[in-house]
Amino acid sequence: MLWGYDLVVLGFSNRFVWRCRSSRMLDRYNIYVGARHLDVGVGTGWFLDHCEWPVETPKVTLLDLNQNSLSAASKRIRRYAPATTQANVLDPVELGDVRFDSIGANYLFHCLPGPLQSKAATVASNLRPYLASNGVLFGSTILGQGVRHNVLGRRLMRLYNRKGIFSNLEDDKRGLEQGLASHLTDVEVEVVGAVALFVGRP
């Protein structure tokens with residue numbers, strides 16, 4: 001599906017289905033991305049390719065369960081010579097002694113199985129050890145509850161959940177806040193359209 005991801009998801013769906021434009025998400029990368037950055041659930045690497053890095057040569061690590069995504073994103077930002085790790089973020093992650101100024105988890109949670117509070121807490125717990133003391137974990141997820149979905153959004157939600165692409169029919173803002181807050185501080189969640197934009201600190 002990667003060949004059409006940028007056009008279908010980042011171009012059409014974000015604007016017309018989930019109603020949170022990719023430019024809004026890119027703005028958050030521009031705000032939060034640090035010189036040492038870990039990206040989890042990397043997609044095609046579009047945000048890493050287009051964001052404004054605070055340094056000329058950032059140290060970037062990509063983490064994803066899907067090798068195809070890792071390869072596509074790594075190739076796209078090869079100018080930064082990213083490190084790659086193939087792993088399931090719901091399991092303990094081994095990244096050595098590195099500490100990151102920022103960790104991005106964009107459109108990750110709604111693809112993971114289980115209740116949002118549980119999966120957000122697990123991911124925060126597994127990634128928090130790799131945040132620098134002044135670091136930030138940020139990202140976004142599509143909610144299934146507590147937001148207004150348009151007709152196309154409701155249909156795609158049912159289809160994607162039936163096919164196992166999404167697992168988010170019961171995901172809501174409160175579950176996200178509680179899950180993140182169990183391992184992070186200063187948690188903030190903003191809902192735009194059907195998308196929750198979040199940030200938290202160690």
# chains A, B, ... in the order shown; residues from 1 in each chain; ligands from 1

call {"tool": "residues_around", "arguments": {"residues": "segment 62-76 of chain A", "least_positions_apart": "5", "cutoff": "8 Å", "atoms": "only C-alpha atoms", "output": "list in words"}}
result
Leu2, Leu38, Asp39, Val40, Gly41, Val42, Gly43, Thr44, Gly45, Trp46, Asp49, Ala81, Pro82, Ala83, Thr84, Thr85, Gln86, Ala87, Asn88 and Val89 of chain A

call {"tool": "select_by_dssp", "arguments": {"residues": "segment 66-190 of chain A", "states": "helix (DSSP H, G or I)", "output": "number ranges by chain"}}
result
A: 67-76, 78-80, 109-111, 116-130, 151-163, 173-181

call {"tool": "residues_around", "arguments": {"residues": "Lys163 of chain A", "least_positions_apart": "6", "cutoff": "12 Å", "atoms": "only C-alpha atoms", "output": "MDAnalysis selection string"}}
result
chainID A and resid 111 156:157

call {"tool": "closest_residue", "arguments": {"among": "A:Leu184, A:Ala121, A:Leu152, A:Leu116", "to": "Val136 of chain A", "atoms": "only C-alpha atoms"}}
result
A:Leu184

call {"tool": "residues_around", "arguments": {"residues": "Phe198 of chain A", "least_positions_apart": "3", "cutoff": "10 Å", "atoms": "only C-alpha atoms", "output": "ChimeraX atom specification"}}
result
/A:28,105-106,137-141,173,176-177,180,187-191,195

call {"tool": "select_by_dssp", "arguments": {"residues": "segment 37-174 of chain A", "states": "strand (DSSP E or B)", "output": "VMD selection string"}}
result
chain A and resid 37 to 40 59 to 64 83 to 86 100 to 106 131 to 142

call {"tool": "closest_residue", "arguments": {"among": "A:Arg24, A:Arg201, A:Arg148, A:Arg78", "to": "Thr61 of chain A", "atoms": "only C-alpha atoms"}}
result
A:Arg78

call {"tool": "residues_around", "arguments": {"residues": "Gln117 of chain A", "least_positions_apart": "6", "cutoff": "7 Å", "atoms": "only C-alpha atoms", "output": "PDB file with C-alpha atoms, in the first residue's frame"}}
result
ATOM      1  CA  GLY A 175      -8.377   6.835  26.903  1.00  0.00           C
ATOM      2  CA  LEU A 176      -5.470   8.450  25.060  1.00  0.00           C
ATOM      3  CA  GLN A 178      -5.047   8.447  30.576  1.00  0.00           C
ATOM      4  CA  GLY A 179      -2.765   6.012  28.795  1.00  0.00           C
TER       5      GLY A 179
END

call {"tool": "residues_around", "arguments": {"residues": "Ser167 of chain A", "least_positions_apart": "2", "cutoff": "6 Å", "atoms": "only C-alpha atoms", "output": "short mmCIF file (atom, residue, chain, number, x, y, z; two decimals) with C-alpha atoms, in the first residue's frame"}}
result
data_model
loop_
_atom_site.label_atom_id
_atom_site.label_comp_id
_atom_site.auth_asym_id
_atom_site.auth_seq_id
_atom_site.Cartn_x
_atom_site.Cartn_y
_atom_site.Cartn_z
CA HIS A 110 -5.11 3.46 15.67
CA CYS A 111 -3.25 0.66 13.87
CA PRO A 113 -4.72 -3.78 18.66
CA ASN A 161 -11.39 -2.16 11.22
#

call {"tool": "closest_residue", "arguments": {"among": "A:Ala35, A:Phe47, A:Gly164, A:Lys119", "to": "Asp6 of chain A", "atoms": "only C-alpha atoms"}}
result
A:Phe47

call {"tool": "closest_residue", "arguments": {"among": "A:Glu56, A:Ser118, A:Asn150, A:Arg174", "to": "Arg15 of chain A", "atoms": "only C-alpha atoms"}}
result
A:Asn150

call {"tool": "atom_distance", "arguments": {"atom1": "atom CA of Asn14 of chain A", "atom2": "atom CA of Leu169 of chain A"}}
result
17.8 Å

call {"tool": "closest_residue", "arguments": {"among": "A:Ala196, A:Glu52, A:Gly135, A:Val17", "to": "Asp101 of chain A", "atoms": "only C-alpha atoms"}}
result
A:Gly135

call {"tool": "closest_residue", "arguments": {"among": "A:Ala120, A:Val199, A:Leu143, A:Ala194", "to": "Ile103 of chain A", "atoms": "only C-alpha atoms"}}
result
A:Val199

call {"tool": "closest_atom_pairs", "arguments": {"of": "segment 20-99 of chain A", "to": "segment 130-133 of chain A", "cutoff": "8 Å", "atoms": "only C-alpha atoms", "output": "Markdown table"}}
result
| residue | atom | partner | partner_atom | distance |
| --- | --- | --- | --- | --- |
| A:Leu95 | CA | A:Tyr130 | CA | 7.7 |
| A:Asp97 | CA | A:Tyr130 | CA | 7.8 |
| A:Val98 | CA | A:Tyr130 | CA | 6.5 |
| A:Arg99 | CA | A:Tyr130 | CA | 4.7 |

call {"tool": "residues_around", "arguments": {"residues": "Pro54 of chain A", "least_positions_apart": "3", "cutoff": "12 Å", "atoms": "only C-alpha atoms", "output": "PDB file with N, CA, C and O atoms, in the first residue's frame"}}
result
ATOM      1  N   TYR A  29       5.652  18.578  13.719  1.00  0.00           N
ATOM      2  CA  TYR A  29       7.025  18.123  13.538  1.00  0.00           C
ATOM      3  C   TYR A  29       7.979  19.307  13.597  1.00  0.00           C
ATOM      4  O   TYR A  29       9.035  19.250  14.238  1.00  0.00           O
ATOM      5  N   ASN A  30       7.619  20.389  12.932  1.00  0.00           N
ATOM      6  CA  ASN A  30       8.485  21.567  12.920  1.00  0.00           C
ATOM      7  C   ASN A  30       8.679  22.141  14.323  1.00  0.00           C
ATOM      8  O   ASN A  30       9.726  22.707  14.628  1.00  0.00           O
ATOM      9  N   ILE A  31       7.666  21.997  15.174  1.00  0.00           N
ATOM     10  CA  ILE A  31       7.751  22.502  16.542  1.00  0.00           C
ATOM     11  C   ILE A  31       8.575  21.579  17.432  1.00  0.00           C
ATOM     12  O   ILE A  31       9.434  22.025  18.194  1.00  0.00           O
ATOM     13  N   TYR A  32       8.323  20.275  17.339  1.00  0.00           N
ATOM     14  CA  TYR A  32       8.839  19.345  18.339  1.00  0.00           C
ATOM     15  C   TYR A  32      10.056  18.536  17.922  1.00  0.00           C
ATOM     16  O   TYR A  32      10.774  18.019  18.783  1.00  0.00           O
ATOM     17  N   VAL A  33      10.319  18.374  16.636  1.00  0.00           N
ATOM     18  CA  VAL A  33      11.400  17.480  16.233  1.00  0.00           C
ATOM     19  C   VAL A  33      12.748  18.013  16.728  1.00  0.00           C
ATOM     20  O   VAL A  33      13.001  19.216  16.712  1.00  0.00           O
ATOM     21  N   GLY A  34      13.583  17.080  17.229  1.00  0.00           N
ATOM     22  CA  GLY A  34      14.868  17.472  17.796  1.00  0.00           C
ATOM     23  C   GLY A  34      16.047  16.969  16.987  1.00  0.00           C
ATOM     24  O   GLY A  34      15.895  16.256  15.989  1.00  0.00           O
ATOM     25  N   ALA A  35      17.225  17.314  17.453  1.00  0.00           N
ATOM     26  CA  ALA A  35      18.449  16.931  16.744  1.00  0.00           C
ATOM     27  C   ALA A  35      18.663  15.425  16.763  1.00  0.00           C
ATOM     28  O   ALA A  35      19.240  14.855  15.828  1.00  0.00           O
ATOM     29  N   ARG A  36      18.199  14.765  17.821  1.00  0.00           N
ATOM     30  CA  ARG A  36      18.233  13.298  17.913  1.00  0.00           C
ATOM     31  C   ARG A  36      16.786  12.824  17.948  1.00  0.00           C
ATOM     32  O   ARG A  36      16.087  13.043  18.942  1.00  0.00           O
ATOM     33  N   HIS A  37      16.349  12.198  16.884  1.00  0.00           N
ATOM     34  CA  HIS A  37      14.928  11.893  16.731  1.00  0.00           C
ATOM     35  C   HIS A  37      14.697  10.421  16.441  1.00  0.00           C
ATOM     36  O   HIS A  37      15.392   9.815  15.619  1.00  0.00           O
ATOM     37  N   CYS A  51       9.965  18.091   7.095  1.00  0.00           N
ATOM     38  CA  CYS A  51       9.988  18.955   8.282  1.00  0.00           C
ATOM     39  C   CYS A  51      11.258  19.805   8.344  1.00  0.00           C
ATOM     40  O   CYS A  51      12.242  19.536   7.645  1.00  0.00           O
ATOM     41  N   THR A  57      22.421  18.269  10.288  1.00  0.00           N
ATOM     42  CA  THR A  57      22.602  16.818  10.183  1.00  0.00           C
ATOM     43  C   THR A  57      22.015  16.136  11.424  1.00  0.00           C
ATOM     44  O   THR A  57      22.753  15.769  12.347  1.00  0.00           O
ATOM     45  N   PRO A  58      20.701  15.968  11.468  1.00  0.00           N
ATOM     46  CA  PRO A  58      20.084  15.301  12.618  1.00  0.00           C
ATOM     47  C   PRO A  58      20.456  13.829  12.661  1.00  0.00           C
ATOM     48  O   PRO A  58      20.761  13.219  11.636  1.00  0.00           O
ATOM     49  N   LYS A  59      20.410  13.268  13.868  1.00  0.00           N
ATOM     50  CA  LYS A  59      20.614  11.837  14.040  1.00  0.00           C
ATOM     51  C   LYS A  59      19.235  11.200  14.144  1.00  0.00           C
ATOM     52  O   LYS A  59      18.528  11.394  15.136  1.00  0.00           O
ATOM     53  N   ASP A 101      15.944  13.480  21.706  1.00  0.00           N
ATOM     54  CA  ASP A 101      15.317  14.761  22.011  1.00  0.00           C
ATOM     55  C   ASP A 101      13.836  14.737  21.653  1.00  0.00           C
ATOM     56  O   ASP A 101      13.035  15.476  22.235  1.00  0.00           O
ATOM     57  N   SER A 102      13.477  13.909  20.687  1.00  0.00           N
ATOM     58  CA  SER A 102      12.074  13.809  20.265  1.00  0.00           C
ATOM     59  C   SER A 102      11.791  12.400  19.769  1.00  0.00           C
ATOM     60  O   SER A 102      12.661  11.730  19.209  1.00  0.00           O
TER      61      SER A 102
END

call {"tool": "atom_distance", "arguments": {"atom1": "atom CA of Val8 of chain A", "atom2": "atom CA of Pro115 of chain A"}}
result
26.5 Å
